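Dropping protein06.pdb in here (PDB, C-alpha atoms):
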```pdb
ATOM      1  CA  MET S   1      34.550  -3.108  -9.469
ATOM      2  CA  THR S   2      36.020  -3.604 -12.920
ATOM      3  CA  THR S   3      34.660  -1.756 -15.905
ATOM      4  CA  PRO S   4      31.925  -3.548 -17.886
ATOM      5  CA  VAL S   5      32.795  -6.124 -20.497
ATOM      6  CA  THR S   6      32.196  -4.434 -23.851
ATOM      7  CA  THR S   7      33.378  -6.897 -26.526
ATOM      8  CA  PRO S   8      32.435 -10.475 -27.404
ATOM      9  CA  GLU S   9      36.095 -11.456 -27.114
ATOM     10  CA  GLU S  10      36.313 -10.217 -23.537
ATOM     11  CA  PHE S  11      33.035 -11.889 -22.616
ATOM     12  CA  VAL S  12      34.242 -15.216 -24.049
ATOM     13  CA  GLU S  13      37.453 -14.842 -22.053
ATOM     14  CA  ARG S  14      35.770 -14.035 -18.728
ATOM     15  CA  TRP S  15      32.357 -15.797 -18.666
ATOM     16  CA  ARG S  16      33.785 -19.069 -17.412
ATOM     17  CA  THR S  17      35.468 -18.121 -14.132
ATOM     18  CA  PRO S  18      34.397 -15.991 -11.104
ATOM     19  CA  PRO S  19      34.209 -13.316  -9.883
ATOM     20  CA  ASN S  20      31.015 -11.883 -11.372
ATOM     21  CA  LEU S  21      31.367  -9.215 -14.011
ATOM     22  CA  ARG S  22      29.431  -6.268 -15.302
ATOM     23  CA  VAL S  23      28.286  -6.560 -18.908
ATOM     24  CA  SER S  24      27.836  -3.494 -21.081
ATOM     25  CA  SER S  25      24.519  -2.794 -22.753
ATOM     26  CA  VAL S  26      26.558  -2.655 -25.962
ATOM     27  CA  LEU S  27      26.616  -6.472 -25.834
ATOM     28  CA  THR S  28      23.096  -6.966 -24.500
ATOM     29  CA  ALA S  29      21.109  -4.112 -26.028
ATOM     30  CA  ALA S  30      17.396  -4.844 -26.390
ATOM     31  CA  GLY S  31      14.586  -2.725 -27.754
ATOM     32  CA  PHE S  32      11.996  -3.918 -25.270
ATOM     33  CA  THR S  33      10.487  -1.408 -22.843
ATOM     34  CA  PHE S  34       9.062  -2.907 -19.669
ATOM     35  CA  PRO S  35       5.811  -1.684 -18.155
ATOM     36  CA  PRO S  36       6.240   0.053 -14.782
ATOM     37  CA  ALA S  37       7.150  -2.336 -11.965
ATOM     38  CA  LEU S  38       3.901  -1.574 -10.144
ATOM     39  CA  ASP S  39       1.879  -2.644 -13.185
ATOM     40  CA  VAL S  40       3.961  -5.803 -13.610
ATOM     41  CA  LEU S  41       3.507  -6.618  -9.930
ATOM     42  CA  ASP S  42      -0.240  -6.120 -10.163
ATOM     43  CA  ALA S  43      -0.498  -8.547 -13.085
ATOM     44  CA  VAL S  44       2.005 -11.160 -11.958
ATOM     45  CA  ARG S  45       0.697 -11.466  -8.390
ATOM     46  CA  GLN S  46      -2.532 -12.907  -9.816
ATOM     47  CA  ASP S  47      -0.800 -15.760 -11.629
ATOM     48  CA  GLU S  48      -0.938 -19.228 -10.099
ATOM     49  CA  GLU S  49       2.782 -19.849 -10.694
ATOM     50  CA  VAL S  50       4.019 -16.767  -8.846
ATOM     51  CA  ARG S  51       6.040 -17.243  -5.671
ATOM     52  CA  PHE S  52       6.319 -14.614  -2.970
ATOM     53  CA  THR S  53       7.382 -14.250   0.653
ATOM     54  CA  ILE S  54       6.183 -11.536   3.024
ATOM     55  CA  LEU S  55       9.074 -10.254   5.118
ATOM     56  CA  GLY S  56       9.563  -7.687   7.865
ATOM     57  CA  ASP S  57       9.628  -7.327  11.617
ATOM     58  CA  GLU S  58       5.877  -7.222  12.079
ATOM     59  CA  ASP S  59       4.100  -9.800  14.201
ATOM     60  CA  TRP S  60       3.694 -13.169  12.463
ATOM     61  CA  SER S  61      -0.071 -12.654  12.327
ATOM     62  CA  VAL S  62       0.432  -9.455  10.310
ATOM     63  CA  ARG S  63       2.626 -11.326   7.862
ATOM     64  CA  MET S  64       0.045 -14.092   7.594
ATOM     65  CA  ASP S  65      -2.737 -11.578   6.919
ATOM     66  CA  ARG S  66      -0.622  -9.908   4.239
ATOM     67  CA  THR S  67       0.163 -13.245   2.660
ATOM     68  CA  SER S  68      -3.555 -14.002   2.415
ATOM     69  CA  ALA S  69      -4.318 -10.560   0.977
ATOM     70  CA  PHE S  70      -1.333 -10.293  -1.362
ATOM     71  CA  ARG S  71      -3.306 -11.014  -4.539
ATOM     72  CA  THR S  72      -6.342  -8.868  -3.723
ATOM     73  CA  ALA S  73      -5.260  -5.882  -1.618
ATOM     74  CA  PRO S  74      -4.870  -2.502  -3.386
ATOM     75  CA  ILE S  75      -1.595  -2.634  -5.276
ATOM     76  CA  GLU S  76      -0.440   0.684  -3.788
ATOM     77  CA  GLU S  77      -0.813  -0.828  -0.326
ATOM     78  CA  VAL S  78       0.960  -4.052  -1.284
ATOM     79  CA  ALA S  79       3.912  -2.022  -2.557
ATOM     80  CA  THR S  80       4.418  -0.652   0.969
ATOM     81  CA  TRP S  81       4.872  -4.142   2.434
ATOM     82  CA  MET S  82       8.276  -5.785   2.604
ATOM     83  CA  PHE S  83       8.303  -8.796   0.289
ATOM     84  CA  ARG S  84      10.229 -10.658  -2.377
ATOM     85  CA  LEU S  85       8.601 -12.205  -5.430
ATOM     86  CA  VAL S  86       9.787 -14.392  -8.298
ATOM     87  CA  HIS S  87       8.199 -15.835 -11.402
ATOM     88  CA  PHE S  88      10.032 -18.599 -13.293
ATOM     89  CA  ASN S  89       7.789 -18.881 -16.361
ATOM     90  CA  LEU S  90       7.430 -15.545 -18.110
ATOM     91  CA  THR S  91       6.186 -17.187 -21.299
ATOM     92  CA  ARG S  92       2.768 -17.064 -19.628
ATOM     93  CA  PHE S  93       2.839 -13.296 -20.234
ATOM     94  CA  TYR S  94       4.277 -13.172 -23.764
ATOM     95  CA  SER S  95       0.880 -12.598 -25.384
ATOM     96  CA  GLY S  96      -0.084  -9.746 -23.069
ATOM     97  CA  LEU S  97       1.949  -7.992 -20.391
ATOM     98  CA  LEU S  98       5.303  -8.877 -21.983
ATOM     99  CA  SER S  99       4.248  -8.869 -25.627
ATOM    100  CA  GLY S 100       7.376  -8.501 -27.758
ATOM    101  CA  PHE S 101       9.802  -9.764 -25.112
ATOM    102  CA  GLN S 102      10.573 -12.981 -26.994
ATOM    103  CA  GLU S 103      11.228 -11.152 -30.274
ATOM    104  CA  GLN S 104      13.065  -8.143 -28.841
ATOM    105  CA  VAL S 105      15.058  -9.722 -26.000
ATOM    106  CA  MET S 106      15.318 -13.504 -26.066
ATOM    107  CA  ILE S 107      15.821 -14.129 -29.788
ATOM    108  CA  PRO S 108      18.482 -11.382 -30.218
ATOM    109  CA  TRP S 109      20.358 -12.574 -27.119
ATOM    110  CA  ARG S 110      20.321 -16.230 -28.186
ATOM    111  CA  THR S 111      21.448 -15.166 -31.657
ATOM    112  CA  ARG S 112      24.403 -13.254 -30.193
ATOM    113  CA  LEU S 113      25.402 -16.184 -27.993
ATOM    114  CA  SER S 114      25.278 -18.552 -30.944
ATOM    115  CA  SER S 115      27.344 -16.216 -33.125
ATOM    116  CA  TRP S 116      30.001 -16.088 -30.364
ATOM    117  CA  GLY S 117      30.303 -19.883 -30.328
ATOM    118  CA  PHE S 118      28.005 -20.753 -27.403
ATOM    119  CA  THR S 119      25.516 -23.576 -27.107
ATOM    120  CA  TRP S 120      23.084 -24.226 -24.265
ATOM    121  CA  GLN S 121      20.361 -26.577 -23.114
ATOM    122  CA  ARG S 122      18.015 -23.907 -21.800
ATOM    123  CA  CYS S 123      17.868 -20.118 -21.821
ATOM    124  CA  ALA S 124      14.894 -18.677 -19.942
ATOM    125  CA  PRO S 125      13.970 -15.355 -18.293
ATOM    126  CA  LEU S 126      13.112 -15.106 -14.583
ATOM    127  CA  LEU S 127      11.367 -12.124 -12.970
ATOM    128  CA  PHE S 128      12.240 -10.706  -9.539
ATOM    129  CA  ILE S 129      10.342  -7.924  -7.739
ATOM    130  CA  SER S 130      11.023  -6.770  -4.182
ATOM    131  CA  THR S 131      10.559  -3.799  -1.877
ATOM    132  CA  GLY S 132      12.957  -1.753   0.212
ATOM    133  CA  GLY S 133      14.847  -3.692   2.870
ATOM    134  CA  ALA S 134      14.024  -7.086   1.372
ATOM    135  CA  SER S 135      16.794  -9.573   0.780
ATOM    136  CA  SER S 136      16.954 -12.812  -1.140
ATOM    137  CA  THR S 137      18.113 -15.968   0.542
ATOM    138  CA  TYR S 138      21.803 -16.847   0.523
ATOM    139  CA  HIS S 139      22.010 -19.412  -2.255
ATOM    140  CA  ASN S 140      23.615 -20.557  -5.473
ATOM    141  CA  ASP S 141      22.045 -21.315  -8.845
ATOM    142  CA  ASN S 142      22.830 -24.223 -11.141
ATOM    143  CA  SER S 143      22.777 -21.864 -14.126
ATOM    144  CA  HIS S 144      24.662 -18.800 -15.257
ATOM    145  CA  GLY S 145      22.548 -15.662 -15.042
ATOM    146  CA  LEU S 146      22.592 -12.407 -16.974
ATOM    147  CA  VAL S 147      21.017 -10.116 -14.382
ATOM    148  CA  TRP S 148      19.266  -7.092 -15.897
ATOM    149  CA  GLN S 149      18.120  -4.371 -13.508
ATOM    150  CA  ILE S 150      14.913  -2.844 -14.860
ATOM    151  CA  GLU S 151      13.595  -0.498 -12.172
ATOM    152  CA  GLY S 152      14.843   0.582  -8.760
ATOM    153  CA  THR S 153      18.141  -0.345  -7.148
ATOM    154  CA  LYS S 154      19.498  -3.617  -5.803
ATOM    155  CA  THR S 155      22.927  -4.713  -4.615
ATOM    156  CA  PHE S 156      24.175  -8.091  -5.800
ATOM    157  CA  HIS S 157      26.520  -9.627  -3.239
ATOM    158  CA  SER S 158      28.911 -12.482  -3.913
ATOM    159  CA  TYR S 159      32.573 -13.297  -3.297
ATOM    160  CA  LYS S 160      35.711 -12.407  -5.178
ATOM    161  CA  ASP S 161      36.872 -15.991  -4.712
ATOM    162  CA  PRO S 162      33.835 -18.233  -4.055
ATOM    163  CA  ASP S 163      35.998 -21.282  -3.326
ATOM    164  CA  GLN S 164      37.023 -19.670  -0.024
ATOM    165  CA  TYR S 165      33.437 -20.050   1.200
ATOM    166  CA  LEU S 166      31.822 -22.769  -0.906
ATOM    167  CA  THR S 167      33.386 -25.297  -3.230
ATOM    168  CA  ALA S 168      31.595 -26.183  -6.436
ATOM    169  CA  GLU S 169      31.104 -29.723  -5.127
ATOM    170  CA  ALA S 170      29.361 -28.427  -2.009
ATOM    171  CA  ALA S 171      27.214 -26.090  -4.098
ATOM    172  CA  VAL S 172      26.037 -28.972  -6.270
ATOM    173  CA  VAL S 173      24.579 -30.858  -3.309
ATOM    174  CA  GLY S 174      22.846 -27.771  -1.912
ATOM    175  CA  GLU S 175      24.972 -26.790   1.067
ATOM    176  CA  THR S 176      24.386 -23.093   0.395
ATOM    177  CA  THR S 177      20.826 -22.120   1.079
ATOM    178  CA  ALA S 178      20.116 -20.079   4.195
ATOM    179  CA  GLU S 179      18.177 -16.947   5.011
ATOM    180  CA  GLU S 180      21.379 -15.020   5.790
ATOM    181  CA  PRO S 181      24.936 -15.299   4.430
ATOM    182  CA  PRO S 182      27.542 -16.830   6.746
ATOM    183  CA  GLU S 183      30.093 -14.723   8.540
ATOM    184  CA  HIS S 184      32.775 -13.594   6.139
ATOM    185  CA  ARG S 185      35.477 -10.997   5.753
ATOM    186  CA  PRO S 186      34.076  -7.820   4.133
ATOM    187  CA  ALA S 187      37.231  -7.634   2.016
ATOM    188  CA  ASP S 188      36.300 -10.979   0.438
ATOM    189  CA  ARG S 189      32.862  -9.780  -0.647
ATOM    190  CA  GLN S 190      32.017  -8.455  -4.087
ATOM    191  CA  SER S 191      29.019  -6.115  -3.843
ATOM    192  CA  VAL S 192      27.723  -4.661  -7.106
ATOM    193  CA  ARG S 193      25.150  -1.884  -6.947
ATOM    194  CA  MET S 194      22.632  -2.382  -9.755
ATOM    195  CA  ARG S 195      20.724   0.595 -11.156
ATOM    196  CA  PRO S 196      18.212   0.639 -14.027
ATOM    197  CA  GLY S 197      19.846  -0.610 -17.210
ATOM    198  CA  ASP S 198      22.777  -2.304 -15.463
ATOM    199  CA  ARG S 199      23.675  -5.892 -16.383
ATOM    200  CA  LEU S 200      25.708  -8.401 -14.394
ATOM    201  CA  TRP S 201      26.977 -11.889 -15.247
ATOM    202  CA  SER S 202      26.435 -14.205 -12.270
ATOM    203  CA  HIS S 203      28.425 -17.434 -12.514
ATOM    204  CA  ALA S 204      26.775 -20.806 -12.015
ATOM    205  CA  LEU S 205      27.187 -22.457  -8.591
ATOM    206  CA  THR S 206      28.561 -19.343  -6.899
ATOM    207  CA  PRO S 207      26.969 -18.304  -3.582
ATOM    208  CA  HIS S 208      25.246 -14.933  -3.543
ATOM    209  CA  TRP S 209      22.478 -12.827  -2.035
ATOM    210  CA  VAL S 210      20.672  -9.707  -3.225
ATOM    211  CA  THR S 211      19.423  -6.740  -1.196
ATOM    212  CA  THR S 212      16.854  -4.148  -2.291
ATOM    213  CA  GLU S 213      17.862  -0.517  -1.787
ATOM    214  CA  SER S 214      14.862   1.319  -3.294
ATOM    215  CA  PRO S 215      11.148   1.343  -2.354
ATOM    216  CA  LEU S 216      10.361  -0.983  -5.277
ATOM    217  CA  ALA S 217      12.781  -2.833  -7.543
ATOM    218  CA  MET S 218      12.372  -5.122 -10.528
ATOM    219  CA  SER S 219      14.943  -7.189 -12.388
ATOM    220  CA  VAL S 220      14.982  -9.960 -14.961
ATOM    221  CA  THR S 221      17.609 -12.682 -15.066
ATOM    222  CA  LEU S 222      18.270 -14.609 -18.255
ATOM    223  CA  SER S 223      19.126 -18.031 -16.861
ATOM    224  CA  HIS S 224      21.415 -20.267 -18.956
ATOM    225  CA  GLY S 225      21.348 -24.009 -18.332
ATOM    226  CA  GLY S 226      24.138 -26.118 -19.774
ATOM    227  CA  LEU S 227      25.954 -23.149 -21.290
ATOM    228  CA  CYS S 228      29.023 -24.231 -23.215
ATOM    229  CA  HIS S 229      31.544 -22.422 -25.413
ATOM    230  CA  GLN S 230      32.984 -24.491 -28.250
ATOM    231  CA  GLY S 231      32.688 -27.675 -26.214
ATOM    232  CA  ARG S 232      33.991 -26.239 -22.943
ATOM    233  CA  PHE S 233      31.879 -25.719 -19.831
ATOM    234  CA  ALA S 234      32.603 -23.198 -17.094
ATOM    235  CA  ASP S 235      35.028 -24.374 -14.445
ATOM    236  CA  ARG S 236      32.533 -24.686 -11.585
ATOM    237  CA  GLU S 237      29.886 -26.317 -13.750
ATOM    238  CA  LEU S 238      32.192 -29.276 -14.314
ATOM    239  CA  ALA S 239      31.368 -30.352 -10.761
ATOM    240  CA  LEU S 240      27.662 -30.331 -11.631
ATOM    241  CA  ARG S 241      28.315 -32.386 -14.770
ATOM    242  CA  SER S 242      30.340 -34.884 -12.787
ATOM    243  CA  TYR S 243      27.563 -35.222 -10.203
ATOM    244  CA  TRP S 244      24.923 -35.750 -12.883
ATOM    245  CA  ASP S 245      27.108 -38.381 -14.567
ATOM    246  CA  GLN S 246      26.926 -40.280 -11.287
ATOM    247  CA  HIS S 247      23.225 -39.475 -10.687
ATOM    248  CA  PRO S 248      21.632 -39.282 -14.159
ATOM    249  CA  ASP S 249      18.138 -39.501 -12.698
ATOM    250  CA  GLU S 250      18.645 -36.068 -11.114
ATOM    251  CA  ALA S 251      19.941 -34.220 -14.161
ATOM    252  CA  TRP S 252      18.039 -30.964 -14.840
ATOM    253  CA  LYS S 253      15.227 -31.834 -12.443
ATOM    254  CA  LEU S 254      16.136 -28.937 -10.176
ATOM    255  CA  ASP S 255      17.888 -26.613 -12.577
ATOM    256  CA  LEU S 256      15.210 -23.986 -13.121
ATOM    257  CA  ARG S 257      13.563 -24.268  -9.729
ATOM    258  CA  ASN S 258      16.945 -24.152  -7.981
ATOM    259  CA  VAL S 259      16.925 -20.393  -8.435
ATOM    260  CA  ARG S 260      15.855 -19.358  -4.943
ATOM    261  CA  TYR S 261      14.183 -16.118  -3.955
TER
END
```

I need this file expressed as structure tokens, please.
Amino acid sequence: MTTPVTTPEEFVERWRTPPNLRVSSVLTAAGFTFPPALDVLDAVRQDEEVRFTILGDEDWSVRMDRTSAFRTAPIEEVATWMFRLVHFNLTRFYSGLLSGFQEQVMIPWRTRLSSWGFTWQRCAPLLFISTGGASSTYHNDNSHGLVWQIEGTKTFHSYKDPDQYLTAEAAVVGETTAEEPPEHRPADRQSVRMRPGDRLWSHALTPHWVTTESPLAMSVTLSHGGLCHQGRFADRELALRSYWDQHPDEAWKLDLRNVRY
């Protein structure tokens, strides 16, 4: 894996084209300190907009019982279950659990992007929590993501050359999503181990999947819709723009919710 991008000039040069790249905290430094993942999980699981999936090899009835009890069971017990969870609207927690996140994370990051010549149509944080052995679906996102590992360890899997496995045009029409990645040559895979404090730039419309390596892991992805540098979109996003030109009624309808978990 290449060394992290450390300068705005290098980020501007490399943000547009896969493969994914590590980003130094020098570029993304934020003063915000997250509560422990267990506390975040306990609060977020109660919210009506949370999404979660109980996983594991247990009988389906066990998984159904855990699904029903997910919001009310003792949090220490829930943390022993295999699951994946996502929340797409963290603004619901800005006045409480995540007080200061907007001022200490989102505003400084948007300010940096703007000073480097970027514009965007949406920049929003997404929360991911999972337990050991859990894996995301195999999918692609319509937006670029700055993945920030907060607690625990995950491995972010993608491809060195995504076009070998999924063209941008196929990604736009949703030919990616599956529970497991397709068969592929290990040499073609790019697997980045993410530890607390690590950041990764995930390119729009590139297939990927994420595995959890620690008992509990939490990450936040800053999702960038319509990101553009001095009038130029990323290479793969041009396919999305072309599709939306032909289907204007679909533009942005699925952008945020197309981040699968």

query = How many Å lie between atom CA of His139 of chain S and atom CA of His224 of chain S, rounded to one decimal?
reply = 16.7 Å

inquiry  = Please compute the atom CA of Asn142 of chain S-atom CA of Glu9 of chain S distance, one decimal, in Å.
reply    =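 So the two atoms, atom CA of Asn142 of chain S and atom CA of Glu9 of chain S, lie 24.4 Å apart.
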
key: Pick from S:Trp120, S:Tyr159, S:Phe233, S:Trp148, whichever lies nearest to Arg22 of chain S using all atoms listed in the file   =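 Among S:Trp120, S:Tyr159, S:Phe233, S:Trp148, it is S:Trp148 that comes nearest to Arg22 of chain S.
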
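Evaluating the PyMOL selection byres ((chain S and resi 50) around 8) against the shown model yields Val44, Arg45, Gln46, Asp47, Glu48, Glu49, Arg51, Phe52, Leu85, Val86, His87 and Phe88 of chain S.
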
task = Give me, please, the distance in Å between atom CA of Thr131 of chain S and atom CA of Val40 of chain S, quoted to one decimal.
result =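 For atom CA of Thr131 of chain S relative to atom CA of Val40 of chain S, the distance reads 13.6 Å.
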
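Residues lying within 8 Å of segment 161-164 of chain S, counting all atoms listed in the file and ignoring same-chain neighbours fewer than 4 positions away, are S:Pro18, S:Pro19, S:Ala168, S:Asp188, S:Thr206, S:Pro207.
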
Report the closest atom pair, with its distance in Å rounded to one decimal, for each residue of segment 165-234 of chain S that has an atom no farther than 9 Å from segment 109-118 of chain S; count only C-alpha atoms, sort by chain and then rising residue number, and write it as a Markdown table.
```
| residue | atom | partner | partner_atom | distance |
| --- | --- | --- | --- | --- |
| S:Leu227 | CA | S:Phe118 | CA | 6.9 |
| S:Cys228 | CA | S:Phe118 | CA | 5.5 |
| S:His229 | CA | S:Phe118 | CA | 4.4 |
| S:Gln230 | CA | S:Gly117 | CA | 5.7 |
| S:Gly231 | CA | S:Phe118 | CA | 8.4 |
```

Best match for closeness to Ala204 of chain S among S:Glu175, S:Asp141, S:Glu180, S:Asp57, counting all atoms listed in the file =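 Checking each candidate against Ala204 of chain S, we get S:Asp141 as the closest.
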